[in-house]
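Participant: Data file run24.csv (CSV, C-alpha atoms) is appended below.
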chain,number,residue,atom,x,y,z
C,1,MET,CA,0.0,0.0,0.0
C,2,ILE,CA,2.7,2.5,1.1
C,3,TYR,CA,4.9,1.8,-1.9
C,4,VAL,CA,1.9,2.0,-4.3
C,5,ILE,CA,1.1,5.5,-2.9
C,6,MET,CA,4.7,6.7,-2.8
C,7,GLY,CA,5.1,5.5,-6.4
C,8,SER,CA,7.1,2.7,-7.8
C,9,HIS,CA,9.2,5.1,-9.8
C,10,VAL,CA,10.4,7.0,-6.7
C,11,ARG,CA,13.4,5.8,-4.8
C,12,ARG,CA,13.0,5.0,-1.1
C,13,ASN,CA,13.4,8.0,1.2
C,14,GLU,CA,13.4,10.3,-1.7
C,15,ALA,CA,9.7,10.5,-2.4
C,16,GLY,CA,8.5,14.1,-2.9
C,17,SER,CA,5.2,15.6,-1.9
C,18,ASN,CA,3.3,13.6,-4.6
C,19,TRP,CA,2.5,10.9,-2.1
C,20,LYS,CA,0.0,13.3,-0.6
C,21,ARG,CA,-2.0,13.6,-3.8
C,22,ASN,CA,-1.9,9.9,-4.2
C,23,GLY,CA,-2.8,9.4,-0.5
C,24,VAL,CA,-5.9,11.6,-0.9
C,25,ALA,CA,-6.9,9.5,-4.0
C,26,PHE,CA,-6.3,6.3,-2.1
C,27,THR,CA,-8.3,7.4,1.0
C,28,ALA,CA,-11.2,8.7,-1.1
C,29,ALA,CA,-11.3,5.5,-3.2
C,30,SER,CA,-11.2,3.3,-0.1
C,31,ILE,CA,-14.0,5.1,1.6
C,32,VAL,CA,-16.3,5.2,-1.4
C,33,SER,CA,-15.7,1.5,-2.3
C,34,GLY,CA,-16.1,0.3,1.3
C,35,ALA,CA,-19.3,2.4,2.0
C,36,THR,CA,-20.8,1.3,-1.3
C,37,ALA,CA,-20.1,-2.4,-0.5
C,38,GLY,CA,-21.6,-1.9,3.0
C,39,ALA,CA,-24.7,-0.2,1.6
C,40,ALA,CA,-25.3,-3.0,-0.9
C,41,LEU,CA,-24.9,-5.7,1.8
C,42,GLY,CA,-27.2,-3.8,4.2
C,43,ALA,CA,-29.8,-3.5,1.5
C,44,ILE,CA,-29.6,-7.3,0.8
C,45,GLY,CA,-29.8,-8.0,4.6
C,46,GLY,CA,-33.0,-5.9,4.7
C,47,HIS,CA,-34.8,-8.7,2.9
C,48,LEU,CA,-34.1,-11.1,5.8
C,49,ALA,CA,-36.9,-11.4,8.4
C,50,ASP,CA,-36.1,-10.0,11.8
C,51,GLY,CA,-36.4,-13.3,13.6
C,52,ARG,CA,-34.1,-15.0,11.1
C,53,ARG,CA,-31.6,-12.2,11.3
C,54,SER,CA,-31.5,-12.5,15.1
C,55,THR,CA,-30.9,-16.2,14.9
C,56,LEU,CA,-28.1,-15.7,12.4
C,57,VAL,CA,-26.5,-13.1,14.7
C,58,VAL,CA,-26.6,-15.5,17.7
C,59,LEU,CA,-25.1,-18.4,15.6
C,60,LEU,CA,-22.4,-16.3,14.1
C,61,ALA,CA,-21.6,-14.6,17.5
C,62,ALA,CA,-21.2,-18.0,19.1
C,63,LEU,CA,-18.9,-19.1,16.2
C,64,GLY,CA,-17.0,-15.8,16.7
C,65,VAL,CA,-16.4,-16.5,20.4
C,66,VAL,CA,-14.8,-19.8,19.5
C,67,LEU,CA,-12.7,-18.5,16.6
C,68,GLY,CA,-11.7,-15.4,18.6
C,69,LEU,CA,-10.5,-17.6,21.5
C,70,LEU,CA,-8.5,-19.7,19.2
C,71,GLU,CA,-7.0,-16.7,17.5
C,72,SER,CA,-6.1,-15.0,20.7
C,73,ILE,CA,-4.1,-18.0,21.9
C,74,GLY,CA,-2.3,-18.3,18.6
C,75,LYS,CA,-4.1,-21.4,17.3
C,76,THR,CA,-5.8,-19.6,14.4
C,77,PRO,CA,-7.9,-22.0,12.2
C,78,ARG,CA,-7.1,-21.7,8.5
C,79,LEU,CA,-8.8,-18.5,7.2
C,80,PRO,CA,-10.7,-18.7,3.9
C,81,GLN,CA,-9.0,-15.9,2.0
C,82,ARG,CA,-7.4,-15.0,-1.3
C,83,SER,CA,-4.0,-14.4,0.3
C,84,CYS,CA,-2.1,-12.4,-2.3
C,85,GLU,CA,0.2,-9.4,-2.5
C,86,THR,CA,-0.9,-6.2,-4.2
C,87,PRO,CA,-0.8,-7.1,-7.9
C,88,GLN,CA,2.2,-5.6,-9.7
C,89,SER,CA,-0.1,-4.9,-12.7
C,90,LEU,CA,-1.7,-2.2,-10.5
C,91,MET,CA,1.4,0.0,-11.1
C,92,ARG,CA,1.1,0.1,-14.8
C,93,GLY,CA,-1.3,3.0,-15.2
C,94,GLY,CA,0.8,5.5,-13.2
C,95,ALA,CA,1.0,6.2,-9.5
C,96,LEU,CA,-2.3,8.2,-9.1
C,97,ARG,CA,-4.3,5.5,-10.9
C,98,ALA,CA,-2.6,2.8,-8.9
C,99,ALA,CA,-3.5,4.6,-5.7
C,100,ILE,CA,-7.1,4.8,-6.7
C,101,ARG,CA,-7.3,1.2,-7.7
C,102,ASN,CA,-5.4,0.0,-4.6
C,103,GLY,CA,-7.7,2.1,-2.4
C,104,SER,CA,-10.8,0.6,-4.0
C,105,ILE,CA,-9.4,-2.9,-3.4
C,106,LEU,CA,-8.3,-2.4,0.2
C,107,GLY,CA,-11.5,-0.4,1.1
C,108,VAL,CA,-13.5,-3.5,0.5
C,109,GLY,CA,-10.7,-5.9,1.4
C,110,ALA,CA,-12.4,-9.1,0.3
C,111,THR,CA,-9.9,-9.8,-2.6
C,112,SER,CA,-6.8,-8.9,-0.7
C,113,ARG,CA,-5.1,-10.6,2.3
C,114,LEU,CA,-7.6,-10.7,5.2
C,115,GLY,CA,-5.3,-12.0,7.9
C,116,PHE,CA,-7.8,-12.0,10.8
C,117,TRP,CA,-11.1,-13.8,11.4
C,118,LEU,CA,-12.3,-10.4,12.8
C,119,TRP,CA,-12.4,-9.1,9.2
C,120,TYR,CA,-15.5,-11.2,8.5
C,121,VAL,CA,-17.4,-9.1,11.1
C,122,VAL,CA,-17.3,-6.2,8.6
C,123,PRO,CA,-19.3,-7.7,5.7
C,124,LEU,CA,-21.4,-9.9,7.9
C,125,GLY,CA,-22.1,-7.1,10.3
C,126,SER,CA,-23.1,-4.8,7.4
C,127,LEU,CA,-25.4,-7.5,6.1
C,128,LEU,CA,-27.0,-8.1,9.4
C,129,THR,CA,-27.7,-4.5,10.1
C,130,GLY,CA,-30.4,-4.9,7.5
C,131,SER,CA,-30.3,-1.3,6.4
C,132,THR,CA,-28.4,0.5,3.7
C,133,LEU,CA,-27.3,3.3,6.1
C,134,GLY,CA,-26.2,0.8,8.8
C,135,GLY,CA,-24.2,-1.3,6.3
C,136,ALA,CA,-22.6,1.8,4.8
C,137,CYS,CA,-21.6,3.0,8.4
C,138,VAL,CA,-20.1,-0.4,9.4
C,139,TYR,CA,-18.1,-0.9,6.2
C,140,GLY,CA,-17.4,2.9,6.0
C,141,VAL,CA,-15.6,2.8,9.4
C,142,TYR,CA,-13.4,-0.1,8.2
C,143,ALA,CA,-12.7,1.6,4.8
C,144,THR,CA,-12.0,4.9,6.4
C,145,ALA,CA,-9.5,3.4,8.9
C,146,ARG,CA,-7.9,1.5,6.1
C,147,GLY,CA,-7.8,4.5,3.8
C,148,LEU,CA,-6.3,6.7,6.5
C,149,GLY,CA,-3.4,4.2,7.0
C,150,PRO,CA,-0.9,5.9,4.8
C,151,TRP,CA,-1.4,9.3,6.5
C,152,MET,CA,-0.2,7.8,9.8
C,153,LEU,CA,2.3,5.3,8.5
C,154,ILE,CA,4.3,7.3,6.0
C,155,PRO,CA,5.1,10.3,8.3
C,156,THR,CA,5.7,7.9,11.2
C,157,MET,CA,8.1,5.8,9.2
C,158,ARG,CA,9.9,8.8,7.9
C,159,LEU,CA,10.3,10.1,11.4
C,160,LEU,CA,11.6,6.8,12.6
C,161,ALA,CA,13.9,6.5,9.7
C,162,ARG,CA,15.4,9.9,10.6
C,163,ARG,CA,15.6,9.4,14.3
C,164,VAL,CA,16.7,5.8,14.5
C,165,ALA,CA,18.5,5.8,11.2
C,166,THR,CA,17.0,2.5,10.2
C,167,GLY,CA,16.0,3.5,6.7
C,168,PHE,CA,12.4,3.4,5.6
C,169,GLU,CA,12.3,-0.4,5.8
C,170,GLY,CA,13.1,-0.3,9.6
C,171,GLY,CA,9.6,1.0,10.2
C,172,SER,CA,8.0,-1.6,8.0
C,173,LEU,CA,9.9,-4.3,9.8
C,174,TRP,CA,8.7,-3.0,13.1
C,175,LEU,CA,5.1,-3.0,11.9
C,176,LEU,CA,5.4,-6.6,10.7
C,177,GLY,CA,6.8,-7.5,14.1
C,178,GLN,CA,3.5,-6.4,15.7
C,179,ASN,CA,1.4,-9.0,13.9
C,180,ALA,CA,1.3,-11.4,16.9
C,181,LEU,CA,0.1,-8.6,19.1
C,182,ALA,CA,-2.5,-7.5,16.6
C,183,ARG,CA,-3.7,-11.1,16.4
C,184,ARG,CA,-4.3,-11.3,20.1
C,185,VAL,CA,-6.1,-7.9,20.1
C,186,ALA,CA,-8.3,-9.0,17.1
C,187,GLY,CA,-9.0,-12.3,18.8
C,188,PHE,CA,-10.0,-10.6,22.0
C,189,GLN,CA,-12.2,-8.2,20.2
C,190,LEU,CA,-14.0,-11.0,18.4
C,191,VAL,CA,-14.6,-12.8,21.7
C,192,LEU,CA,-16.0,-9.7,23.2
C,193,LEU,CA,-18.3,-8.9,20.2
C,194,GLY,CA,-19.4,-12.6,20.1
C,195,LEU,CA,-20.3,-12.7,23.8
C,196,MET,CA,-22.3,-9.4,23.5
C,197,GLY,CA,-24.0,-10.7,20.4
C,198,VAL,CA,-25.1,-13.9,22.1
C,199,ILE,CA,-26.3,-12.0,25.2
C,200,GLY,CA,-28.0,-9.2,23.2
C,201,PHE,CA,-29.8,-11.3,20.6
C,202,GLY,CA,-30.1,-14.7,22.3
C,203,ARG,CA,-32.8,-13.6,24.7
W,1,MET,CA,28.4,-5.0,4.0
W,2,ALA,CA,28.8,-2.3,6.6
W,3,PRO,CA,25.6,-0.4,5.9
W,4,LEU,CA,23.6,-3.6,6.0
W,5,HIS,CA,25.1,-4.5,9.3
W,6,LEU,CA,24.3,-1.1,10.8
W,7,HIS,CA,20.8,-1.3,9.4
W,8,GLY,CA,20.1,-4.6,11.1
W,9,GLU,CA,21.4,-3.4,14.5
W,10,ALA,CA,19.3,-0.2,14.3
W,11,SER,CA,16.2,-2.2,13.4
W,12,HIS,CA,16.6,-4.4,16.4
W,13,GLY,CA,17.1,-1.4,18.6
W,14,LEU,CA,13.9,0.1,17.2
W,15,LEU,CA,12.0,-3.1,17.9
W,16,ARG,CA,13.2,-3.2,21.5
W,17,ALA,CA,12.4,0.5,22.0
W,18,LEU,CA,8.9,0.4,20.7
W,19,ARG,CA,7.5,-3.0,21.7
W,20,PRO,CA,6.5,-2.1,25.4
W,21,GLN,CA,4.9,1.1,24.2
W,22,ALA,CA,2.8,-0.8,21.6
W,23,THR,CA,1.8,-3.4,24.1
W,24,ARG,CA,0.6,-0.8,26.5
W,25,ARG,CA,-1.3,1.0,23.8
W,26,ALA,CA,-3.0,-2.3,22.7
W,27,ALA,CA,-3.9,-3.1,26.2
W,28,ALA,CA,-5.4,0.4,26.6
W,29,VAL,CA,-7.5,-0.1,23.5
W,30,GLY,CA,-8.7,-3.5,24.6
W,31,GLY,CA,-9.5,-2.2,28.1
W,32,ALA,CA,-11.4,0.8,26.6
W,33,ALA,CA,-13.4,-1.6,24.4
W,34,ALA,CA,-14.3,-3.8,27.3
W,35,ALA,CA,-15.3,-0.7,29.4
W,36,VAL,CA,-17.5,0.6,26.6
W,37,ALA,CA,-19.2,-2.8,26.2
W,38,VAL,CA,-19.9,-3.2,29.9
W,39,ALA,CA,-21.2,0.4,30.2
W,40,PHE,CA,-23.6,0.0,27.3
W,41,ALA,CA,-24.7,-3.5,28.5
W,42,LEU,CA,-25.5,-2.0,31.9
W,43,GLY,CA,-27.0,1.2,30.5
W,44,ALA,CA,-28.6,1.2,27.1
W,45,GLY,CA,-28.7,-2.5,26.7
W,46,ALA,CA,-26.7,-5.3,25.2
W,47,ARG,CA,-27.9,-4.7,21.6
W,48,SER,CA,-26.5,-1.2,21.7
W,49,ALA,CA,-23.2,-2.6,23.0
W,50,VAL,CA,-23.2,-4.9,20.0
W,51,VAL,CA,-23.5,-2.0,17.6
W,52,VAL,CA,-20.7,-0.1,19.3
W,53,LEU,CA,-18.5,-3.2,19.4
W,54,LEU,CA,-19.3,-3.9,15.7
W,55,LEU,CA,-18.0,-0.4,14.8
W,56,LEU,CA,-15.0,-0.8,17.0
W,57,SER,CA,-14.3,-4.2,15.5
W,58,ALA,CA,-14.3,-2.6,12.0
W,59,LEU,CA,-11.7,-0.1,13.3
W,60,VAL,CA,-9.6,-2.7,15.1
W,61,VAL,CA,-9.3,-5.1,12.1
W,62,ALA,CA,-8.4,-2.2,9.7
W,63,ILE,CA,-5.6,-1.2,12.1
W,64,ALA,CA,-4.5,-4.9,12.7
W,65,GLN,CA,-4.3,-5.5,8.9
W,66,GLN,CA,-1.6,-2.9,8.7
W,67,THR,CA,0.7,-5.5,10.3
W,68,LEU,CA,0.2,-8.0,7.5
W,69,PRO,CA,3.1,-8.6,5.1
Go ahead and express the file in the form of structure tokens.
Facilitator:
Amino acid sequence: MIYVIMGSHVRRNEAGSNWKRNGVAFTAASIVSGATAGAALGAIGGHLADGRRSTLVVLLAALGVVLGLLESIGKTPRLPQRSCETPQSLMRGGALRAAIRNGSILGVGATSRLGFWLWYVVPLGSLLTGSTLGGACVYGVYATARGLGPWMLIPTMRLLARRVATGFEGGSLWLLGQNALARRVAGFQLVLLGLMGVIGFGR
Amino acid sequence: MAPLHLHGEASHGLLRALRPQATRRAAAVGGAAAAVAVAFALGAGARSAVVVLLLLSALVVAIAQQTLP
């Protein structure tokens, strides 16, 4: 994501201010695609009867508790996902176009590496809200947070690169090193959501 | 070879320096999530807590995915 925004033609640590233009495009594309996907899912979920939706919530919440517990103790069951890197073909149309396409892909997330069981909460939650606005809000939060990533990551990594003299890749390595921690937090979050789902909709 | 060697040492230093801070931050986020859930469950009801937790989950997973290779 970061290298797409900073442009493949730019050498590391020498990127100019162009990344900001690309970053705006990336963020906007991410939010639009995510909110649209959520609205569509919410509209589809609106066709489900209330009783059936509540039953689905309870079943999925119970499954979420189990998966969240396993994930938080490091025994993550195999995740159904299309685990792939950002396609290199994305870079062919220029940095701005690549940023827009990358933002659209990551804003929805389904066709990129998912990594965590918690991700499934986003589309399923959007669906089960049963409303266009609700779905757009849930998916919109995800897409906005994903879309804002470069605005935090690029300046932070530049700062770290200057202060600790690691080079830009030092920050990336640090981030990758936090994956186990992120897995525990995501697992815990899934357990919490699952428990509240069972309590809230199981009565 | 020398620049690569220095780069490696600096990276390990960075990891050591930032790990406790990140752990504390993650624990704070988790604690805040639990507090919000309990508050809503006691106050507005469990279903409202589910909505808040759902939005929080969307935020958490988006941040967590930044750690993927």
Participant: Step by step: start from the point (-13.3, 4.8, 7.3) in the file's coordinates, keep every protein, DNA or RNA residue that has an atom no farther than 10 Å from it, count all atoms listed in the file, and write the set as an MDAnalysis selection string.
Facilitator: (chainID C and resid 27:28 30:32 34:35 107 137:149) or (chainID W and resid 58:59 62)
Participant: Kindly give the distance, in Å, that separates atom CA of Trp119 of chain C and atom CA of Val51 of chain W, rounded to a single decimal.
Facilitator: 15.6 Å
Participant: Quick one: of C:Arg92, C:Arg184, C:His47, C:Arg113, who's nearest to Leu79 of chain C, counting only C-alpha atoms?
Facilitator: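 Answer, going by the shortest atom-to-atom distance: C:Arg113.
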Participant: Provide the atom CA of Pro150 of chain C to atom CA of Leu56 of chain W distance in Å, to one decimal place.
Facilitator: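 Straight-line distance from atom CA of Pro150 of chain C to atom CA of Leu56 of chain W works out to 19.8 Å.
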Participant: From the options C:Thr76, C:Gln88, C:Gln189, C:Thr132, which residue's atoms come nearest to Gly115 of chain C, counting all atoms listed in the file?
Facilitator: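 Ranking C:Thr76, C:Gln88, C:Gln189, C:Thr132 by distance to Gly115 of chain C, first place goes to C:Thr76.
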Participant: Residues of chain C within 7 Å of chain W, counting only C-alpha atoms, what are they? List them as a PyMOL selection string.
Facilitator: chain C and resi 115+118-119+122+125+138+141-142+145-146+164-166+170+174-176+178-179+182+185-186+189+193+196-197+199-201
Participant: Would you output that residue set with C-alpha atoms, as a tab-separated table (two decimals), keeping the file's coordinate frame?
Facilitator:
chain	number	residue	atom	x	y	z
C	115	GLY	CA	-5.30	-12.00	7.90
C	118	LEU	CA	-12.30	-10.40	12.80
C	119	TRP	CA	-12.40	-9.10	9.20
C	122	VAL	CA	-17.30	-6.20	8.60
C	125	GLY	CA	-22.10	-7.10	10.30
C	138	VAL	CA	-20.10	-0.40	9.40
C	141	VAL	CA	-15.60	2.80	9.40
C	142	TYR	CA	-13.40	-0.10	8.20
C	145	ALA	CA	-9.50	3.40	8.90
C	146	ARG	CA	-7.90	1.50	6.10
C	164	VAL	CA	16.70	5.80	14.50
C	165	ALA	CA	18.50	5.80	11.20
C	166	THR	CA	17.00	2.50	10.20
C	170	GLY	CA	13.10	-0.30	9.60
C	174	TRP	CA	8.70	-3.00	13.10
C	175	LEU	CA	5.10	-3.00	11.90
C	176	LEU	CA	5.40	-6.60	10.70
C	178	GLN	CA	3.50	-6.40	15.70
C	179	ASN	CA	1.40	-9.00	13.90
C	182	ALA	CA	-2.50	-7.50	16.60
C	185	VAL	CA	-6.10	-7.90	20.10
C	186	ALA	CA	-8.30	-9.00	17.10
C	189	GLN	CA	-12.20	-8.20	20.20
C	193	LEU	CA	-18.30	-8.90	20.20
C	196	MET	CA	-22.30	-9.40	23.50
C	197	GLY	CA	-24.00	-10.70	20.40
C	199	ILE	CA	-26.30	-12.00	25.20
C	200	GLY	CA	-28.00	-9.20	23.20
C	201	PHE	CA	-29.80	-11.30	20.60
Participant: Do you have the atom CA of Val191 of chain C-atom CA of Gly64 of chain C distance handy?
Facilitator: 6.3 Å
